[in-house]
Amino acid sequence: MQYRTLGRTGVQVSSLALGAMNFGRIGRTTQDEATAVVDAALEGGINLIDTADMYGGGESEEMVGKAIAGRRDDIVLATKAGLPMGDDPNHRGSSRRWLVTELDNSLRRLGVDHVDLYQIHRWDPETSDEETLSALTDLQRAGKIRYFGSSTFPAHRVVQAQWAAREHRLGRYVTEQPSYSILQRGVEAHVLPVTEEYGLGVLVWSPLASGWLSGAVRAGREITTSRSAAMPQRFDLSVPSNRARLDAVERLAVVADEAGLTLIQLALGFVTVHPAVTSALVGPRTTDHLNAQLAAADTVLSADVLDAIDAIVAPGTDLAAHEKFDTPPALLDPASRRR
């Protein structure tokens, strides 16, 4: 396992990190299964675990807390807040009112007195940067969080938040967590250059592209992954973008085979070689899944392999742009771009 500095924090984190979204009802995992995955991850050299309040309605945080009991100090623990936690309109977003309340809820579920990294799950257009950064700065000074970061922010919002922190003399986001894979490379054109400019650590999610790059989705086979069952529209081969993804996967499989790698090793090696990326988050449901992903921990792709990937999916290209989560609201709501 490689270890890298998380932005400018001085904290050393593993190049592969454990994402806990599948713990609980989402991945249909029991506590014993989740604990086994955590055990295997730590044994494999992973030292960063990332979860969120809304994963399973808090169930993931509870499972992570039980799995890490007695070894908290050996783990860089990250969680997130901001997405809805129920129907109440104030139980979401990044207002001071909600963040102060929800962090206490997360600490209780996790069974800890602080988290190392507290992330805003999505940019909240209803709340000013000053309001959010002020609350996060106070929580940091209170010792409840060590650092704070953003997740899936558009590039211009990353810049704006950095400006607001300096303008109002507040703490700043030290990390960003974007979606990034061989099949979704759009962040190379905007987000990653910005994170490099500001020295942010980058924890990428969905490096296996929701299972497209796991080796389980291939031409001529029935698609039976858990993700395809939950989101069938993303795997419907009558959709042009999905056909484009399958074609890319088949070509990438040839590249991987010729390099003596699995498709998972190719996919994880691709994202972790980018100089802006600190860690790739893997989200296994089982220890078998995790072991297949840990095999990529020391994968180093040659220039020839990287060139071959570029020839299949051009740099800065998203094969399924409509699935992005950082699209500015003005592109989604006509009313926001018309007088």
# chains A, B, ... in the order shown; residues from 1 in each chain; ligands from 1

call {"tool": "closest_atom_pairs", "arguments": {"of": "region 73-153 of chain A", "to": "region 20-27 of chain A", "cutoff": "12 Å", "atoms": "only C-alpha atoms", "output": "JSON lines"}}
result
{"residue": "A:Leu77", "atom": "CA", "partner": "A:Ala20", "partner_atom": "CA", "distance": 11.0}
{"residue": "A:Ala78", "atom": "CA", "partner": "A:Ala20", "partner_atom": "CA", "distance": 10.2}
{"residue": "A:Thr79", "atom": "CA", "partner": "A:Ala20", "partner_atom": "CA", "distance": 9.6}
{"residue": "A:Lys80", "atom": "CA", "partner": "A:Met21", "partner_atom": "CA", "distance": 11.2}

call {"tool": "residues_around", "arguments": {"residues": "Glu188 (chain A)", "least_positions_apart": "3", "cutoff": "9 Å", "atoms": "only C-alpha atoms", "output": "JSON, numbers by chain"}}
result
{"A": [180, 185, 191, 192, 193, 315, 316, 317]}

call {"tool": "write_last_selection", "arguments": {"atoms": "all heavy atoms", "output": "compact mmCIF listing (two decimals), in the first residue's frame"}}
result
# COMPACT_ATOMS: atom_id res chain seq x y z
N TYR A 180 -14.83 10.12 -10.17
CA TYR A 180 -13.78 10.06 -11.20
C TYR A 180 -13.48 8.62 -11.56
O TYR A 180 -13.26 7.78 -10.68
CB TYR A 180 -12.52 10.74 -10.68
CG TYR A 180 -11.34 10.78 -11.63
CD1 TYR A 180 -11.51 11.05 -12.99
CD2 TYR A 180 -10.05 10.58 -11.17
CE1 TYR A 180 -10.43 11.11 -13.85
CE2 TYR A 180 -8.95 10.63 -12.01
CZ TYR A 180 -9.14 10.90 -13.35
OH TYR A 180 -8.06 10.95 -14.21
N ARG A 185 -14.42 11.16 -17.02
CA ARG A 185 -13.17 11.89 -16.88
C ARG A 185 -13.35 13.41 -16.91
O ARG A 185 -12.37 14.15 -16.99
CB ARG A 185 -12.18 11.47 -17.98
CG ARG A 185 -11.84 10.00 -17.97
CD ARG A 185 -10.80 9.63 -19.03
NE ARG A 185 -9.54 10.32 -18.84
CZ ARG A 185 -8.44 10.10 -19.57
NH1 ARG A 185 -8.47 9.17 -20.54
NH2 ARG A 185 -7.34 10.77 -19.34
N VAL A 191 -12.32 20.35 -12.26
CA VAL A 191 -12.17 20.19 -10.82
C VAL A 191 -10.72 19.89 -10.42
O VAL A 191 -10.17 20.53 -9.51
CB VAL A 191 -13.11 19.09 -10.28
CG1 VAL A 191 -12.81 18.80 -8.81
CG2 VAL A 191 -14.56 19.50 -10.45
N LEU A 192 -10.10 18.92 -11.06
CA LEU A 192 -8.75 18.52 -10.64
C LEU A 192 -7.72 19.63 -10.82
O LEU A 192 -6.86 19.81 -9.94
CB LEU A 192 -8.32 17.24 -11.35
CG LEU A 192 -9.18 16.00 -11.03
CD1 LEU A 192 -8.59 14.76 -11.68
CD2 LEU A 192 -9.32 15.79 -9.53
N PRO A 193 -7.75 20.42 -11.90
CA PRO A 193 -6.81 21.54 -11.97
C PRO A 193 -7.00 22.54 -10.83
O PRO A 193 -6.04 23.11 -10.31
CB PRO A 193 -7.13 22.19 -13.32
CG PRO A 193 -7.68 21.07 -14.15
CD PRO A 193 -8.47 20.23 -13.18
N PRO A 315 -9.18 12.24 -22.64
CA PRO A 315 -9.08 13.02 -21.41
C PRO A 315 -10.18 14.07 -21.31
O PRO A 315 -10.54 14.71 -22.31
CB PRO A 315 -7.70 13.67 -21.51
CG PRO A 315 -6.91 12.73 -22.37
CD PRO A 315 -7.89 12.20 -23.37
N GLY A 316 -10.73 14.24 -20.11
CA GLY A 316 -11.77 15.24 -19.89
C GLY A 316 -13.14 14.88 -20.40
O GLY A 316 -14.04 15.72 -20.41
N THR A 317 -13.34 13.61 -20.81
CA THR A 317 -14.61 13.18 -21.40
C THR A 317 -15.44 12.37 -20.42
O THR A 317 -14.93 11.46 -19.76
CB THR A 317 -14.34 12.31 -22.64
OG1 THR A 317 -13.61 13.07 -23.61
CG2 THR A 317 -15.65 11.84 -23.27

call {"tool": "atom_distance", "arguments": {"atom1": "CA of Met85 (chain A)", "atom2": "CA of Trp98 (chain A)"}}
result
10.4 Å

call {"tool": "closest_residue", "arguments": {"among": "A:Leu213, A:Ala280, A:Val115, A:Ala36", "to": "Gly19 (chain A)", "atoms": "only C-alpha atoms"}}
result
A:Ala280

call {"tool": "closest_residue", "arguments": {"among": "A:Gly143, A:Leu200, A:Glu59, A:Ser134", "to": "Arg169 (chain A)", "atoms": "only C-alpha atoms"}}
result
A:Ser134

call {"tool": "select_by_dssp", "arguments": {"residues": "region 21-219 of chain A", "states": "alpha helix (DSSP H)", "output": "ChimeraX atom specification"}}
result
/A:31-43,59-68,96-110,129-141,155-167,191-198

call {"tool": "select_by_dssp", "arguments": {"residues": "region 14-206 of chain A", "states": "strand (DSSP E)", "output": "MDAnalysis selection string"}}
result
chainID A and resid 14 16:19 48:50 76:81 115:120 145:151 175:177 201:204

call {"tool": "residues_around", "arguments": {"residues": "Pro84 (chain A)", "least_positions_apart": "4", "cutoff": "10 Å", "atoms": "only C-alpha atoms", "output": "JSON, numbers by chain"}}
result
{"A": [53, 54, 57, 88, 89, 90, 91, 92, 93]}

call {"tool": "residues_around", "arguments": {"residues": "Leu261 (chain A)", "least_positions_apart": "3", "cutoff": "12 Å", "atoms": "only C-alpha atoms", "output": "list in words"}}
result
Gly215, Leu252, Ala253, Val254, Val255, Ala256, Asp257, Glu258, Ile264, Gln265, Leu266, Ala267, Leu268, Gly269, Phe270, Ala292, Gln293, Ala295, Ala296, Asp298, Thr299, Val300, Leu301, Ser302 and Val305 of chain A

call {"tool": "write_last_selection", "arguments": {"atoms": "N, CA and C atoms", "output": "compact mmCIF listing (two decimals), in the first residue's frame"}}
result
# COMPACT_ATOMS: atom_id res chain seq x y z
N GLY A 215 -15.45 -5.76 -13.94
CA GLY A 215 -15.30 -7.03 -14.64
C GLY A 215 -16.58 -7.82 -14.70
N LEU A 252 -11.17 -1.72 -23.05
CA LEU A 252 -10.31 -1.60 -21.88
C LEU A 252 -9.91 -2.98 -21.35
N ALA A 253 -10.81 -3.94 -21.45
CA ALA A 253 -10.51 -5.30 -21.00
C ALA A 253 -9.34 -5.88 -21.79
N VAL A 254 -9.27 -5.56 -23.08
CA VAL A 254 -8.16 -6.02 -23.91
C VAL A 254 -6.86 -5.39 -23.44
N VAL A 255 -6.91 -4.08 -23.15
CA VAL A 255 -5.71 -3.37 -22.66
C VAL A 255 -5.24 -4.00 -21.34
N ALA A 256 -6.18 -4.25 -20.44
CA ALA A 256 -5.83 -4.85 -19.15
C ALA A 256 -5.21 -6.22 -19.34
N ASP A 257 -5.81 -7.03 -20.19
CA ASP A 257 -5.32 -8.39 -20.41
C ASP A 257 -3.91 -8.36 -20.98
N GLU A 258 -3.67 -7.49 -21.92
CA GLU A 258 -2.34 -7.41 -22.54
C GLU A 258 -1.28 -6.91 -21.54
N ILE A 264 -10.17 -4.33 -12.73
CA ILE A 264 -10.18 -3.54 -11.50
C ILE A 264 -8.82 -2.89 -11.27
N GLN A 265 -7.75 -3.63 -11.48
CA GLN A 265 -6.42 -3.05 -11.32
C GLN A 265 -6.19 -1.92 -12.30
N LEU A 266 -6.65 -2.10 -13.53
CA LEU A 266 -6.51 -1.05 -14.53
C LEU A 266 -7.27 0.20 -14.09
N ALA A 267 -8.50 0.02 -13.64
CA ALA A 267 -9.35 1.15 -13.28
C ALA A 267 -8.81 1.91 -12.08
N LEU A 268 -8.41 1.18 -11.03
CA LEU A 268 -7.90 1.85 -9.83
C LEU A 268 -6.51 2.43 -10.06
N GLY A 269 -5.70 1.72 -10.83
CA GLY A 269 -4.38 2.25 -11.15
C GLY A 269 -4.46 3.52 -11.97
N PHE A 270 -5.49 3.62 -12.80
CA PHE A 270 -5.67 4.82 -13.62
C PHE A 270 -5.96 6.05 -12.77
N ALA A 292 -10.14 -8.27 -4.17
CA ALA A 292 -9.92 -8.00 -5.59
C ALA A 292 -9.47 -6.56 -5.80
N GLN A 293 -9.95 -5.66 -4.96
CA GLN A 293 -9.58 -4.25 -5.09
C GLN A 293 -8.22 -3.97 -4.45
N ALA A 295 -5.78 -5.80 -4.56
CA ALA A 295 -4.75 -6.25 -5.51
C ALA A 295 -4.23 -5.11 -6.36
N ALA A 296 -4.96 -3.99 -6.39
CA ALA A 296 -4.53 -2.84 -7.18
C ALA A 296 -3.69 -1.86 -6.38
N ASP A 298 -0.69 -1.74 -5.34
CA ASP A 298 0.66 -1.44 -5.82
C ASP A 298 0.75 -1.41 -7.35
N THR A 299 -0.42 -1.26 -8.01
CA THR A 299 -0.44 -1.23 -9.47
C THR A 299 0.13 0.08 -9.99
N VAL A 300 1.09 -0.03 -10.90
CA VAL A 300 1.67 1.15 -11.55
C VAL A 300 1.50 0.96 -13.05
N LEU A 301 0.72 1.83 -13.67
CA LEU A 301 0.47 1.71 -15.10
C LEU A 301 1.57 2.40 -15.90
N SER A 302 2.00 1.73 -16.95
CA SER A 302 3.04 2.29 -17.81
C SER A 302 2.46 3.39 -18.69
N VAL A 305 0.25 1.99 -21.44
CA VAL A 305 -1.10 1.61 -21.02
C VAL A 305 -1.97 2.85 -20.85

call {"tool": "closest_residue", "arguments": {"among": "A:Thr132, A:Thr262, A:Thr195, A:Ser150", "to": "Val277 (chain A)", "atoms": "only C-alpha atoms"}}
result
A:Thr195

call {"tool": "residues_around", "arguments": {"residues": "Ala135 (chain A)", "least_positions_apart": "6", "cutoff": "10 Å", "atoms": "only C-alpha atoms", "output": "mmCIF file with N, CA, C and O atoms, in the first residue's frame"}}
result
data_model
loop_
_atom_site.group_PDB
_atom_site.id
_atom_site.type_symbol
_atom_site.label_atom_id
_atom_site.label_comp_id
_atom_site.auth_asym_id
_atom_site.auth_seq_id
_atom_site.Cartn_x
_atom_site.Cartn_y
_atom_site.Cartn_z
ATOM 1 N N SER A 94 -26.410 22.823 4.482
ATOM 2 C CA SER A 94 -25.161 23.146 5.186
ATOM 3 C C SER A 94 -25.282 24.407 6.024
ATOM 4 O O SER A 94 -24.335 25.177 6.152
ATOM 5 N N SER A 95 -26.460 24.632 6.597
ATOM 6 C CA SER A 95 -26.632 25.744 7.528
ATOM 7 C C SER A 95 -25.937 25.425 8.845
ATOM 8 O O SER A 95 -25.718 24.250 9.196
ATOM 9 N N ARG A 96 -25.599 26.464 9.605
ATOM 10 C CA ARG A 96 -25.033 26.254 10.932
ATOM 11 C C ARG A 96 -25.996 25.421 11.783
ATOM 12 O O ARG A 96 -25.575 24.496 12.491
ATOM 13 N N ARG A 97 -27.279 25.752 11.729
ATOM 14 C CA ARG A 97 -28.273 25.055 12.541
ATOM 15 C C ARG A 97 -28.208 23.546 12.326
ATOM 16 O O ARG A 97 -28.237 22.769 13.283
ATOM 17 N N TRP A 98 -28.124 23.121 11.074
ATOM 18 C CA TRP A 98 -28.134 21.695 10.794
ATOM 19 C C TRP A 98 -26.786 21.043 11.049
ATOM 20 O O TRP A 98 -26.707 19.961 11.633
ATOM 21 N N LEU A 99 -25.694 21.670 10.640
ATOM 22 C CA LEU A 99 -24.384 21.035 10.778
ATOM 23 C C LEU A 99 -24.021 20.801 12.235
ATOM 24 O O LEU A 99 -23.473 19.748 12.587
ATOM 25 N N VAL A 100 -24.311 21.768 13.095
ATOM 26 C CA VAL A 100 -24.002 21.604 14.511
ATOM 27 C C VAL A 100 -24.795 20.434 15.101
ATOM 28 O O VAL A 100 -24.263 19.610 15.850
ATOM 29 N N ASP A 129 -21.450 30.549 1.652
ATOM 30 C CA ASP A 129 -20.175 29.947 2.048
ATOM 31 C C ASP A 129 -19.760 30.441 3.428
ATOM 32 O O ASP A 129 -19.233 29.676 4.238
ATOM 33 N N ARG A 141 -12.626 24.288 16.010
ATOM 34 C CA ARG A 141 -12.043 24.868 17.224
ATOM 35 C C ARG A 141 -12.549 24.182 18.484
ATOM 36 O O ARG A 141 -11.845 24.128 19.497
ATOM 37 N N LEU A 170 -11.726 32.589 7.761
ATOM 38 C CA LEU A 170 -12.274 31.352 8.298
ATOM 39 C C LEU A 170 -11.420 30.171 7.856
ATOM 40 O O LEU A 170 -10.587 30.293 6.948
ATOM 41 N N GLY A 171 -11.643 29.020 8.495
ATOM 42 C CA GLY A 171 -10.993 27.805 8.023
ATOM 43 C C GLY A 171 -11.457 27.474 6.617
ATOM 44 O O GLY A 171 -12.535 27.897 6.188
#

call {"tool": "residues_around", "arguments": {"residues": "Tyr173 (chain A)", "least_positions_apart": "4", "cutoff": "8 Å", "atoms": "only C-alpha atoms", "output": "PyMOL selection string"}}
result
chain A and resi 147-150+161-162+200

call {"tool": "closest_residue", "arguments": {"among": "A:Gly56, A:Gly283, A:Pro328, A:Gly201", "to": "Val38 (chain A)", "atoms": "only C-alpha atoms"}}
result
A:Gly283

call {"tool": "closest_residue", "arguments": {"among": "A:Gly86, A:Pro329, A:Pro154, A:Gly111", "to": "Arg72 (chain A)", "atoms": "only C-alpha atoms"}}
result
A:Gly111

call {"tool": "atom_distance", "arguments": {"atom1": "CA of Asp50 (chain A)", "atom2": "CA of Asp74 (chain A)"}}
result
14.0 Å
